[in-house]
Every structure is written in C-alpha cells, then in structure tokens.
Amino acid sequence: MIIAIVAVDRRGAIGKGGKLPWHYSADMKFFRETTTGNACVMGYNTWLTLKKPLKDRLNIVLSRQSQIEPQDFLVVLRELNSVLSLKDYLRCDLFVMGGEQVYRAFLPHIDKWIVTEVPLTVEGADAFVPGNYLEGFRETKTQQLDEGLTVRFYERTAA
Ligand SMILES: NC(=O)c1ccc[n+]([C@@H]2O[C@H](COP(=O)([O-])OP(=O)(O)OC[C@H]3O[C@@H](n4cnc5c(N)ncnc54)[C@H](OP(=O)(O)O)[C@@H]3O)[C@@H](O)[C@H]2O)c1
C-alpha cells in the first residue's frame with residue numbers, strides 16, 4: 001500500500017522557507033507511531049530538514065543530483081519508477097512523506113491519505129499540497145490528537 005501522510009494548514013500549506021512552519025509534538029508522535037516499521041519516501045529538500053535517517057524505518061530519498069553520504073537505513077533513488085520497483089520487494093507499507101514536489105509526483109500512485117489538519121493560516125507559506133489531492137478519495141475515519149489537531153483518513157474510491 002502507498003500511503004501519503006501530511007500536515008496541512010487551513011489553506012493547504014505544508015512548508016515555509018524549507019521548513020515545517022509549526023511544531024506540534026502530538027503530530028510528531030502520531031507520525032512516528034504510524035510510520036515506524038515501514039518505508040518512508042521523501043524529496044531531497046525534506047531530507048535536508050532531518051538531521052539523520054528516521055529511526056526504525058527504511059528512509060528513501062528521491063534526488064537526481066545530490067551526493068548523500070551512504071548510511072544505514074538510507075536508500076537514495078533518482079526516479080519515482082525506481083521507488084515503485086523497490087516497493088514490490090518490500091513487506092511493509094510505503095509512506096510518502098513529502099514535500100510538495102514528491103506529493104505531486106506520487107499523486108497517481110497513492111492509495112490512502114492521512115491528513116493532519118493544523119488550525120493555522122500560515123502567512124508567506126511557499127509549499128502546498130497539490131490543489132486536487134483528495135479528488136477521487138473518500139473520508140473513512142477521523143482521529144483527534146492533542147493540541148487541537150484532527151487527523152482525517154482517506155481511501156481512493158474504486159475507479
Ligand atoms: N507539512 C508536512 O507534512 C510536510 C511534509 C514534508 C515536507 N514538508 C515541507 O515541504 C517543503 C519541501 O518541499 P519541496 O517541494 O520544496 O521539496 P521536496 O519534495 O522535499 O524535495 C524536492 C527535491 O527532491 C527531488 N525530487 C523531487 N521529485 C523527484 C522525482 N520525481 N525524481 C527525482 N528526484 C525528485 C529533487 O532533488 P534534487 O534537486 O536533489 O534532484 C527535488 O529538488 C519544506 O518546507 C518541508 O518542511 C512539509
């Protein structure tokens with residue numbers, strides 16, 4: 001299963017100046033618990049926001065040009081199709097964890113979205129989820145987190 005996981009503000013913003021424009025520990029915990037034991041694919045810009053690979057997960061970084069130092073739990077791939085090929089050999093879910101370019105590239109391949117709604121409107125945001133990202137998906141459940149956050153789960157509807 002390919003599952004995209006994202007936190008969005010009221011206008012679909014996800015980033016500002018190369019960073020997350022908020023810090024909610026409840027969402028960090030939810031993200032960690034949801035993705036642990038699985039594979040996570042991210043773009044190079046999102047990789048730069050991490051100090052090291054996410055623990056207890058296979059970290060896949062998409063980059064056409066960067067030279068990332070080889071390290072445990074890290075695979076660097078140059079094309080989306082290489083990620084899809086690798087996925088066939090994984091016995092776990094693949095979480096698409098951003099940023100904007102990577103959500104956009106994976107959109108046709110995503111089976112489920114997990115969306116944390118952040119009760120903010122970030123001024124000057126420069127990264128967003130694709131405008132149509134929930135087209136063809138239906139909401140299946142919601143979950144309340146601490147700090148006033150709501151998580152909504154969506155599944156692709158049958159074509
Ligand atoms: N709110 C959230 O849930 C959330 C989650 C994640 C990230 N973010 C935010 O999103 C922002 C970053 O998003 P972004 O769009 O600038 O960057 P990004 O998607 O993280 O990374 C973009 C880079 O990834 C590589 N890449 C992307 N698509 C590729 C493809 N199809 N094939 C090969 N390489 C590919 C390229 O790297 P090279 O240039 O090296 O080739 C590209 O420059 C940050 O502000 C971050 O904090 C928010």
# chains A, B, ... in the order shown; residues from 1 in each chain; ligands from 1
call {"tool": "residues_around", "arguments": {"residues": "Ser66 in chain A", "least_positions_apart": "3", "cutoff": "10 Å", "atoms": "only C-alpha atoms", "output": "PyMOL selection string"}}
result
chain A and resi 44+61-63+69+76+78
call {"tool": "write_last_selection", "arguments": {"atoms": "N, CA and C atoms", "output": "PDB file, in the first residue's frame"}}
result
ATOM      1  N   TYR A  44      14.527  15.445  -1.650  1.00  0.00           N
ATOM      2  CA  TYR A  44      15.814  15.877  -1.100  1.00  0.00           C
ATOM      3  C   TYR A  44      15.649  17.070  -0.149  1.00  0.00           C
ATOM      4  N   VAL A  61      15.266   8.478  -0.185  1.00  0.00           N
ATOM      5  CA  VAL A  61      15.330   9.878  -0.591  1.00  0.00           C
ATOM      6  C   VAL A  61      15.368   9.935  -2.112  1.00  0.00           C
ATOM      7  N   LEU A  62      14.485  10.747  -2.687  1.00  0.00           N
ATOM      8  CA  LEU A  62      14.478  10.957  -4.133  1.00  0.00           C
ATOM      9  C   LEU A  62      15.340  12.171  -4.446  1.00  0.00           C
ATOM     10  N   SER A  63      16.326  11.966  -5.309  1.00  0.00           N
ATOM     11  CA  SER A  63      17.183  13.078  -5.704  1.00  0.00           C
ATOM     12  C   SER A  63      17.857  12.733  -7.023  1.00  0.00           C
ATOM     13  N   GLU A  69      25.860  11.038   1.720  1.00  0.00           N
ATOM     14  CA  GLU A  69      26.766  10.062   2.327  1.00  0.00           C
ATOM     15  C   GLU A  69      26.016   8.745   2.581  1.00  0.00           C
ATOM     16  N   VAL A  76      19.080   6.089  -1.625  1.00  0.00           N
ATOM     17  CA  VAL A  76      18.858   7.275  -2.454  1.00  0.00           C
ATOM     18  C   VAL A  76      18.531   6.808  -3.869  1.00  0.00           C
ATOM     19  N   ARG A  78      16.934   7.935  -7.917  1.00  0.00           N
ATOM     20  CA  ARG A  78      16.885   9.096  -8.806  1.00  0.00           C
ATOM     21  C   ARG A  78      15.545   9.281  -9.494  1.00  0.00           C
TER      22      ARG A  78
END
call {"tool": "residues_around", "arguments": {"residues": "Pro130 in chain A", "least_positions_apart": "6", "cutoff": "8 Å", "atoms": "only C-alpha atoms", "output": "JSON, numbers by chain"}}
result
{"A": [100, 103, 104]}
call {"tool": "closest_atom_pairs", "arguments": {"of": "chain A", "to": "ligand 1", "cutoff": "8 Å", "atoms": "only C-alpha atoms and all ligand atoms", "output": "JSON lines"}}
result
{"residue": "A:Ile5", "atom": "CA", "partner": "ligand 1", "partner_atom_place_in_ligand_line": "3 (O)", "distance": 6.6}
{"residue": "A:Val6", "atom": "CA", "partner": "ligand 1", "partner_atom_place_in_ligand_line": "3 (O)", "distance": 3.5}
{"residue": "A:Ala7", "atom": "CA", "partner": "ligand 1", "partner_atom_place_in_ligand_line": "3 (O)", "distance": 3.9}
{"residue": "A:Val8", "atom": "CA", "partner": "ligand 1", "partner_atom_place_in_ligand_line": "1 (N)", "distance": 5.5}
{"residue": "A:Ala13", "atom": "CA", "partner": "ligand 1", "partner_atom_place_in_ligand_line": "1 (N)", "distance": 7.1}
{"residue": "A:Ile14", "atom": "CA", "partner": "ligand 1", "partner_atom_place_in_ligand_line": "1 (N)", "distance": 3.7}
{"residue": "A:Gly15", "atom": "CA", "partner": "ligand 1", "partner_atom_place_in_ligand_line": "45 (O)", "distance": 3.4}
{"residue": "A:Lys16", "atom": "CA", "partner": "ligand 1", "partner_atom_place_in_ligand_line": "45 (O)", "distance": 4.8}
{"residue": "A:Gly17", "atom": "CA", "partner": "ligand 1", "partner_atom_place_in_ligand_line": "45 (O)", "distance": 5.8}
{"residue": "A:Gly18", "atom": "CA", "partner": "ligand 1", "partner_atom_place_in_ligand_line": "45 (O)", "distance": 3.5}
{"residue": "A:Lys19", "atom": "CA", "partner": "ligand 1", "partner_atom_place_in_ligand_line": "47 (O)", "distance": 3.4}
{"residue": "A:Leu20", "atom": "CA", "partner": "ligand 1", "partner_atom_place_in_ligand_line": "47 (O)", "distance": 3.9}
{"residue": "A:Pro21", "atom": "CA", "partner": "ligand 1", "partner_atom_place_in_ligand_line": "47 (O)", "distance": 7.2}
{"residue": "A:Met42", "atom": "CA", "partner": "ligand 1", "partner_atom_place_in_ligand_line": "20 (O)", "distance": 5.8}
{"residue": "A:Gly43", "atom": "CA", "partner": "ligand 1", "partner_atom_place_in_ligand_line": "21 (O)", "distance": 3.4}
{"residue": "A:Tyr44", "atom": "CA", "partner": "ligand 1", "partner_atom_place_in_ligand_line": "24 (O)", "distance": 4.0}
{"residue": "A:Asn45", "atom": "CA", "partner": "ligand 1", "partner_atom_place_in_ligand_line": "20 (O)", "distance": 3.9}
{"residue": "A:Thr46", "atom": "CA", "partner": "ligand 1", "partner_atom_place_in_ligand_line": "20 (O)", "distance": 3.7}
{"residue": "A:Trp47", "atom": "CA", "partner": "ligand 1", "partner_atom_place_in_ligand_line": "20 (O)", "distance": 6.6}
{"residue": "A:Thr49", "atom": "CA", "partner": "ligand 1", "partner_atom_place_in_ligand_line": "47 (O)", "distance": 6.6}
{"residue": "A:Val61", "atom": "CA", "partner": "ligand 1", "partner_atom_place_in_ligand_line": "24 (O)", "distance": 7.5}
{"residue": "A:Leu62", "atom": "CA", "partner": "ligand 1", "partner_atom_place_in_ligand_line": "34 (N)", "distance": 4.4}
{"residue": "A:Ser63", "atom": "CA", "partner": "ligand 1", "partner_atom_place_in_ligand_line": "34 (N)", "distance": 3.8}
{"residue": "A:Arg64", "atom": "CA", "partner": "ligand 1", "partner_atom_place_in_ligand_line": "41 (O)", "distance": 3.5}
{"residue": "A:Gln65", "atom": "CA", "partner": "ligand 1", "partner_atom_place_in_ligand_line": "41 (O)", "distance": 4.6}
{"residue": "A:Ser66", "atom": "CA", "partner": "ligand 1", "partner_atom_place_in_ligand_line": "40 (O)", "distance": 4.5}
{"residue": "A:Leu77", "atom": "CA", "partner": "ligand 1", "partner_atom_place_in_ligand_line": "33 (C)", "distance": 7.2}
{"residue": "A:Arg78", "atom": "CA", "partner": "ligand 1", "partner_atom_place_in_ligand_line": "33 (C)", "distance": 4.6}
{"residue": "A:Glu79", "atom": "CA", "partner": "ligand 1", "partner_atom_place_in_ligand_line": "32 (N)", "distance": 4.2}
{"residue": "A:Leu80", "atom": "CA", "partner": "ligand 1", "partner_atom_place_in_ligand_line": "31 (N)", "distance": 5.1}
{"residue": "A:Met97", "atom": "CA", "partner": "ligand 1", "partner_atom_place_in_ligand_line": "6 (C)", "distance": 5.3}
{"residue": "A:Gly98", "atom": "CA", "partner": "ligand 1", "partner_atom_place_in_ligand_line": "6 (C)", "distance": 3.8}
{"residue": "A:Gly99", "atom": "CA", "partner": "ligand 1", "partner_atom_place_in_ligand_line": "13 (O)", "distance": 3.4}
{"residue": "A:Glu100", "atom": "CA", "partner": "ligand 1", "partner_atom_place_in_ligand_line": "15 (O)", "distance": 3.5}
{"residue": "A:Gln101", "atom": "CA", "partner": "ligand 1", "partner_atom_place_in_ligand_line": "19 (O)", "distance": 3.8}
{"residue": "A:Val102", "atom": "CA", "partner": "ligand 1", "partner_atom_place_in_ligand_line": "19 (O)", "distance": 4.3}
{"residue": "A:Tyr103", "atom": "CA", "partner": "ligand 1", "partner_atom_place_in_ligand_line": "19 (O)", "distance": 7.0}
{"residue": "A:Ala105", "atom": "CA", "partner": "ligand 1", "partner_atom_place_in_ligand_line": "31 (N)", "distance": 5.5}
{"residue": "A:Phe106", "atom": "CA", "partner": "ligand 1", "partner_atom_place_in_ligand_line": "31 (N)", "distance": 7.9}
{"residue": "A:Thr116", "atom": "CA", "partner": "ligand 1", "partner_atom_place_in_ligand_line": "3 (O)", "distance": 7.9}
{"residue": "A:Asp126", "atom": "CA", "partner": "ligand 1", "partner_atom_place_in_ligand_line": "45 (O)", "distance": 7.2}
{"residue": "A:Ala127", "atom": "CA", "partner": "ligand 1", "partner_atom_place_in_ligand_line": "11 (C)", "distance": 5.4}
{"residue": "A:Phe128", "atom": "CA", "partner": "ligand 1", "partner_atom_place_in_ligand_line": "10 (O)", "distance": 7.4}
call {"tool": "residues_around", "arguments": {"residues": "Val151 in chain A", "least_positions_apart": "6", "cutoff": "8 Å", "atoms": "only C-alpha atoms", "output": "number ranges by chain"}}
result
A: 114-117, 142-145
call {"tool": "select_by_dssp", "arguments": {"residues": "range 59-149 of chain A", "states": "helix (DSSP H, G or I)", "output": "JSON, numbers by chain"}}
result
{"A": [80, 81, 82, 83, 84, 85, 86, 87, 100, 101, 102, 103, 104, 105, 106, 107, 108, 109]}
call {"tool": "write_last_selection", "arguments": {"atoms": "all heavy atoms", "output": "CSV table (one decimal), in the first residue's frame"}}
result
chain,number,residue,atom,x,y,z
A,80,LEU,N,11.1,8.3,-9.6
A,80,LEU,CA,9.9,7.7,-9.0
A,80,LEU,C,9.8,6.2,-9.3
A,80,LEU,O,9.4,5.4,-8.5
A,80,LEU,CB,8.8,8.5,-9.4
A,80,LEU,CG,7.4,8.1,-8.9
A,80,LEU,CD1,6.6,9.4,-8.6
A,80,LEU,CD2,6.6,7.2,-9.8
A,81,ASN,N,10.0,5.9,-10.6
A,81,ASN,CA,9.8,4.5,-11.0
A,81,ASN,C,10.7,3.5,-10.3
A,81,ASN,O,10.4,2.4,-10.0
A,81,ASN,CB,10.1,4.3,-12.5
A,81,ASN,CG,8.8,4.7,-13.3
A,81,ASN,OD1,7.7,4.8,-12.7
A,81,ASN,ND2,9.0,5.1,-14.6
A,82,SER,N,11.9,4.0,-9.9
A,82,SER,CA,12.8,3.2,-9.1
A,82,SER,C,12.2,2.9,-7.7
A,82,SER,O,12.4,1.8,-7.2
A,82,SER,CB,14.2,3.8,-8.9
A,82,SER,OG,14.7,4.3,-10.1
A,83,VAL,N,11.5,3.9,-7.2
A,83,VAL,CA,10.9,3.7,-5.9
A,83,VAL,C,9.7,2.7,-6.0
A,83,VAL,O,9.6,1.8,-5.2
A,83,VAL,CB,10.3,5.0,-5.3
A,83,VAL,CG1,9.7,4.8,-3.9
A,83,VAL,CG2,11.4,6.1,-5.2
A,84,LEU,N,9.0,2.8,-7.1
A,84,LEU,CA,7.9,1.8,-7.3
A,84,LEU,C,8.4,0.4,-7.5
A,84,LEU,O,7.8,-0.6,-7.0
A,84,LEU,CB,7.0,2.3,-8.5
A,84,LEU,CG,6.3,3.6,-8.4
A,84,LEU,CD1,5.5,4.0,-9.7
A,84,LEU,CD2,5.4,3.7,-7.2
A,85,SER,N,9.5,0.3,-8.2
A,85,SER,CA,10.1,-1.1,-8.4
A,85,SER,C,10.6,-1.6,-7.1
A,85,SER,O,10.3,-2.8,-6.8
A,85,SER,CB,11.3,-1.0,-9.3
A,85,SER,OG,10.9,-0.5,-10.5
A,86,LEU,N,11.2,-0.8,-6.2
A,86,LEU,CA,11.7,-1.3,-4.9
A,86,LEU,C,10.5,-1.7,-4.1
A,86,LEU,O,10.6,-2.7,-3.3
A,86,LEU,CB,12.5,-0.2,-4.2
A,86,LEU,CG,12.9,-0.4,-2.8
A,86,LEU,CD1,13.9,-1.6,-2.7
A,86,LEU,CD2,13.5,0.8,-2.2
A,87,LYS,N,9.4,-0.9,-4.2
A,87,LYS,CA,8.3,-1.2,-3.3
A,87,LYS,C,7.8,-2.6,-3.5
A,87,LYS,O,7.3,-3.3,-2.5
A,87,LYS,CB,7.2,-0.2,-3.7
A,87,LYS,CG,6.1,-0.1,-2.6
A,87,LYS,CD,4.8,0.2,-3.2
A,87,LYS,CE,3.7,-0.4,-2.4
A,87,LYS,NZ,3.4,-1.8,-2.6
A,100,GLU,N,6.3,19.0,-1.2
A,100,GLU,CA,5.4,19.4,-2.3
A,100,GLU,C,5.7,18.6,-3.6
A,100,GLU,O,4.8,18.0,-4.1
A,100,GLU,CB,5.4,20.9,-2.5
A,100,GLU,CG,4.5,21.3,-3.7
A,100,GLU,CD,4.4,22.8,-3.9
A,100,GLU,OE1,4.5,23.5,-3.0
A,100,GLU,OE2,4.1,23.1,-5.1
A,101,GLN,N,6.9,18.7,-4.0
A,101,GLN,CA,7.2,18.0,-5.3
A,101,GLN,C,7.0,16.5,-5.3
A,101,GLN,O,6.5,15.9,-6.2
A,101,GLN,CB,8.7,18.2,-5.6
A,101,GLN,CG,9.1,19.6,-6.0
A,101,GLN,CD,10.6,19.7,-6.5
A,101,GLN,OE1,11.1,18.8,-7.1
A,101,GLN,NE2,11.2,20.8,-6.1
A,102,VAL,N,7.3,15.9,-4.1
A,102,VAL,CA,7.1,14.4,-4.0
A,102,VAL,C,5.6,14.1,-3.9
A,102,VAL,O,5.2,13.1,-4.5
A,102,VAL,CB,8.0,13.9,-2.9
A,102,VAL,CG1,7.6,12.5,-2.5
A,102,VAL,CG2,9.5,14.0,-3.4
A,103,TYR,N,4.8,14.8,-3.2
A,103,TYR,CA,3.4,14.5,-3.1
A,103,TYR,C,2.8,14.6,-4.5
A,103,TYR,O,2.0,13.8,-4.9
A,103,TYR,CB,2.7,15.5,-2.2
A,103,TYR,CG,2.9,15.4,-0.7
A,103,TYR,CD1,3.3,16.5,0.0
A,103,TYR,CD2,2.8,14.2,-0.1
A,103,TYR,CE1,3.5,16.4,1.4
A,103,TYR,CE2,3.1,14.1,1.3
A,103,TYR,CZ,3.4,15.2,2.0
A,103,TYR,OH,3.7,15.1,3.3
A,104,ARG,N,3.3,15.7,-5.3
A,104,ARG,CA,2.7,15.9,-6.6
A,104,ARG,C,3.1,14.7,-7.5
A,104,ARG,O,2.3,14.2,-8.2
A,104,ARG,CB,3.3,17.2,-7.2
A,104,ARG,CG,2.6,17.8,-8.3
A,104,ARG,CD,3.2,19.2,-8.7
A,104,ARG,NE,3.0,20.2,-7.6
A,104,ARG,CZ,1.8,20.7,-7.3
A,104,ARG,NH1,0.7,20.5,-8.0
A,104,ARG,NH2,1.7,21.6,-6.3
A,105,ALA,N,4.4,14.3,-7.4
A,105,ALA,CA,4.8,13.2,-8.3
A,105,ALA,C,4.1,11.8,-8.0
A,105,ALA,O,3.8,11.1,-8.9
A,105,ALA,CB,6.4,13.0,-8.2
A,106,PHE,N,3.9,11.6,-6.7
A,106,PHE,CA,3.3,10.3,-6.3
A,106,PHE,C,1.8,10.3,-6.4
A,106,PHE,O,1.2,9.2,-6.3
A,106,PHE,CB,3.7,9.9,-4.9
A,106,PHE,CG,5.0,9.2,-4.9
A,106,PHE,CD1,6.2,9.8,-4.7
A,106,PHE,CD2,5.0,7.8,-5.0
A,106,PHE,CE1,7.4,9.1,-4.7
A,106,PHE,CE2,6.2,7.1,-5.0
A,106,PHE,CZ,7.4,7.8,-4.8
A,107,LEU,N,1.1,11.4,-6.6
A,107,LEU,CA,-0.3,11.5,-6.6
A,107,LEU,C,-1.1,10.4,-7.3
A,107,LEU,O,-1.9,9.8,-6.7
A,107,LEU,CB,-0.8,12.9,-7.0
A,107,LEU,CG,-2.2,13.3,-6.7
A,107,LEU,CD1,-2.5,13.1,-5.2
A,107,LEU,CD2,-2.4,14.8,-7.1
A,108,PRO,N,-0.7,10.1,-8.5
A,108,PRO,CA,-1.5,9.0,-9.2
A,108,PRO,C,-1.3,7.6,-8.6
A,108,PRO,O,-2.1,6.7,-8.9
A,108,PRO,CB,-0.9,9.0,-10.6
A,108,PRO,CG,0.0,10.2,-10.8
A,108,PRO,CD,0.3,10.6,-9.4
A,109,HIS,N,-0.3,7.4,-7.7
A,109,HIS,CA,0.0,6.1,-7.2
A,109,HIS,C,-0.5,5.9,-5.7
A,109,HIS,O,-0.3,4.9,-5.1
A,109,HIS,CB,1.5,5.9,-7.2
A,109,HIS,CG,2.1,6.1,-8.6
A,109,HIS,ND1,2.0,5.1,-9.6
A,109,HIS,CD2,2.7,7.1,-9.1
A,109,HIS,CE1,2.5,5.6,-10.7
A,109,HIS,NE2,3.0,6.8,-10.4
call {"tool": "closest_residue", "arguments": {"among": "A:Asp56, A:Asp146, A:Asp88, A:Asp111", "to": "Asn38 in chain A", "atoms": "only C-alpha atoms"}}
result
A:Asp56
call {"tool": "select_by_dssp", "arguments": {"residues": "chain A", "states": "strand (DSSP E or B)", "output": "PyMOL selection string"}}
result
chain A and resi 2-8+13-16+19+39-43+58-62+74-77+94-96+112-117+127-128+137-145+149-156
call {"tool": "atom_distance", "arguments": {"atom1": "CA of Thr140 in chain A", "atom2": "CA of Cys40 in chain A"}}
result
22.4 Å
call {"tool": "atom_distance", "arguments": {"atom1": "CA of Leu48 in chain A", "atom2": "CA of Val122 in chain A"}}
result
21.2 Å
call {"tool": "decode", "arguments": {"residues": "range 52-79 of chain A", "atoms": "N, CA and C atoms", "output": "PDB file, in the first residue's frame"}}
result
ATOM      1  N   LYS A  52      19.174  13.149  10.569  1.00  0.00           N
ATOM      2  CA  LYS A  52      19.651  11.786  10.270  1.00  0.00           C
ATOM      3  C   LYS A  52      18.447  10.969   9.817  1.00  0.00           C
ATOM      4  N   PRO A  53      18.680   9.729   9.316  1.00  0.00           N
ATOM      5  CA  PRO A  53      17.526   8.936   8.877  1.00  0.00           C
ATOM      6  C   PRO A  53      16.534   8.724  10.009  1.00  0.00           C
ATOM      7  N   LEU A  54      15.255   8.661   9.677  1.00  0.00           N
ATOM      8  CA  LEU A  54      14.219   8.378  10.677  1.00  0.00           C
ATOM      9  C   LEU A  54      14.459   6.981  11.228  1.00  0.00           C
ATOM     10  N   LYS A  55      14.400   6.882  12.541  1.00  0.00           N
ATOM     11  CA  LYS A  55      14.709   5.625  13.228  1.00  0.00           C
ATOM     12  C   LYS A  55      13.647   4.551  12.956  1.00  0.00           C
ATOM     13  N   ASP A  56      14.099   3.313  12.847  1.00  0.00           N
ATOM     14  CA  ASP A  56      13.209   2.149  12.705  1.00  0.00           C
ATOM     15  C   ASP A  56      12.326   2.204  11.452  1.00  0.00           C
ATOM     16  N   ARG A  57      12.837   2.901  10.441  1.00  0.00           N
ATOM     17  CA  ARG A  57      12.152   2.950   9.159  1.00  0.00           C
ATOM     18  C   ARG A  57      13.184   2.895   8.034  1.00  0.00           C
ATOM     19  N   LEU A  58      12.782   2.344   6.866  1.00  0.00           N
ATOM     20  CA  LEU A  58      13.653   2.469   5.698  1.00  0.00           C
ATOM     21  C   LEU A  58      13.420   3.867   5.118  1.00  0.00           C
ATOM     22  N   ASN A  59      14.469   4.661   5.043  1.00  0.00           N
ATOM     23  CA  ASN A  59      14.377   6.020   4.503  1.00  0.00           C
ATOM     24  C   ASN A  59      14.779   5.997   3.028  1.00  0.00           C
ATOM     25  N   ILE A  60      13.868   6.432   2.166  1.00  0.00           N
ATOM     26  CA  ILE A  60      14.172   6.509   0.732  1.00  0.00           C
ATOM     27  C   ILE A  60      14.150   7.989   0.347  1.00  0.00           C
ATOM     28  N   VAL A  61      15.266   8.478  -0.185  1.00  0.00           N
ATOM     29  CA  VAL A  61      15.330   9.878  -0.591  1.00  0.00           C
ATOM     30  C   VAL A  61      15.368   9.935  -2.112  1.00  0.00           C
ATOM     31  N   LEU A  62      14.485  10.747  -2.687  1.00  0.00           N
ATOM     32  CA  LEU A  62      14.478  10.957  -4.133  1.00  0.00           C
ATOM     33  C   LEU A  62      15.340  12.171  -4.446  1.00  0.00           C
ATOM     34  N   SER A  63      16.326  11.966  -5.309  1.00  0.00           N
ATOM     35  CA  SER A  63      17.183  13.078  -5.704  1.00  0.00           C
ATOM     36  C   SER A  63      17.857  12.733  -7.023  1.00  0.00           C
ATOM     37  N   ARG A  64      17.867  13.688  -7.946  1.00  0.00           N
ATOM     38  CA  ARG A  64      18.506  13.428  -9.241  1.00  0.00           C
ATOM     39  C   ARG A  64      19.983  13.759  -9.184  1.00  0.00           C
ATOM     40  N   GLN A  65      20.398  14.588  -8.239  1.00  0.00           N
ATOM     41  CA  GLN A  65      21.775  15.088  -8.302  1.00  0.00           C
ATOM     42  C   GLN A  65      22.559  15.079  -6.993  1.00  0.00           C
ATOM     43  N   SER A  66      21.902  14.902  -5.867  1.00  0.00           N
ATOM     44  CA  SER A  66      22.653  15.115  -4.626  1.00  0.00           C
ATOM     45  C   SER A  66      23.599  13.961  -4.325  1.00  0.00           C
ATOM     46  N   GLN A  67      24.650  14.269  -3.607  1.00  0.00           N
ATOM     47  CA  GLN A  67      25.609  13.267  -3.148  1.00  0.00           C
ATOM     48  C   GLN A  67      25.365  13.103  -1.656  1.00  0.00           C
ATOM     49  N   ILE A  68      24.582  12.110  -1.305  1.00  0.00           N
ATOM     50  CA  ILE A  68      24.305  11.902   0.122  1.00  0.00           C
ATOM     51  C   ILE A  68      25.223  10.795   0.607  1.00  0.00           C
ATOM     52  N   GLU A  69      25.860  11.038   1.720  1.00  0.00           N
ATOM     53  CA  GLU A  69      26.766  10.062   2.327  1.00  0.00           C
ATOM     54  C   GLU A  69      26.016   8.745   2.581  1.00  0.00           C
ATOM     55  N   PRO A  70      26.544   7.592   2.117  1.00  0.00           N
ATOM     56  CA  PRO A  70      25.857   6.320   2.407  1.00  0.00           C
ATOM     57  C   PRO A  70      25.748   6.091   3.909  1.00  0.00           C
ATOM     58  N   GLN A  71      24.637   5.608   4.356  1.00  0.00           N
ATOM     59  CA  GLN A  71      24.459   5.287   5.776  1.00  0.00           C
ATOM     60  C   GLN A  71      23.355   4.257   5.945  1.00  0.00           C
ATOM     61  N   ASP A  72      23.333   3.658   7.142  1.00  0.00           N
ATOM     62  CA  ASP A  72      22.346   2.617   7.405  1.00  0.00           C
ATOM     63  C   ASP A  72      20.930   3.181   7.270  1.00  0.00           C
ATOM     64  N   PHE A  73      19.999   2.341   6.848  1.00  0.00           N
ATOM     65  CA  PHE A  73      18.569   2.669   6.748  1.00  0.00           C
ATOM     66  C   PHE A  73      18.265   3.763   5.721  1.00  0.00           C
ATOM     67  N   LEU A  74      19.207   3.990   4.779  1.00  0.00           N
ATOM     68  CA  LEU A  74      19.001   5.057   3.788  1.00  0.00           C
ATOM     69  C   LEU A  74      19.263   4.535   2.377  1.00  0.00           C
ATOM     70  N   VAL A  75      18.309   4.799   1.491  1.00  0.00           N
ATOM     71  CA  VAL A  75      18.466   4.468   0.077  1.00  0.00           C
ATOM     72  C   VAL A  75      18.196   5.752  -0.695  1.00  0.00           C
ATOM     73  N   VAL A  76      19.080   6.089  -1.625  1.00  0.00           N
ATOM     74  CA  VAL A  76      18.858   7.275  -2.454  1.00  0.00           C
ATOM     75  C   VAL A  76      18.531   6.808  -3.869  1.00  0.00           C
ATOM     76  N   LEU A  77      17.406   7.263  -4.405  1.00  0.00           N
ATOM     77  CA  LEU A  77      16.993   6.863  -5.747  1.00  0.00           C
ATOM     78  C   LEU A  77      16.743   8.100  -6.601  1.00  0.00           C
ATOM     79  N   ARG A  78      16.934   7.935  -7.917  1.00  0.00           N
ATOM     80  CA  ARG A  78      16.885   9.096  -8.806  1.00  0.00           C
ATOM     81  C   ARG A  78      15.545   9.281  -9.494  1.00  0.00           C
ATOM     82  N   GLU A  79      14.722   8.223  -9.481  1.00  0.00           N
ATOM     83  CA  GLU A  79      13.450   8.322 -10.211  1.00  0.00           C
ATOM     84  C   GLU A  79      12.317   7.696  -9.434  1.00  0.00           C
TER      85      GLU A  79
END
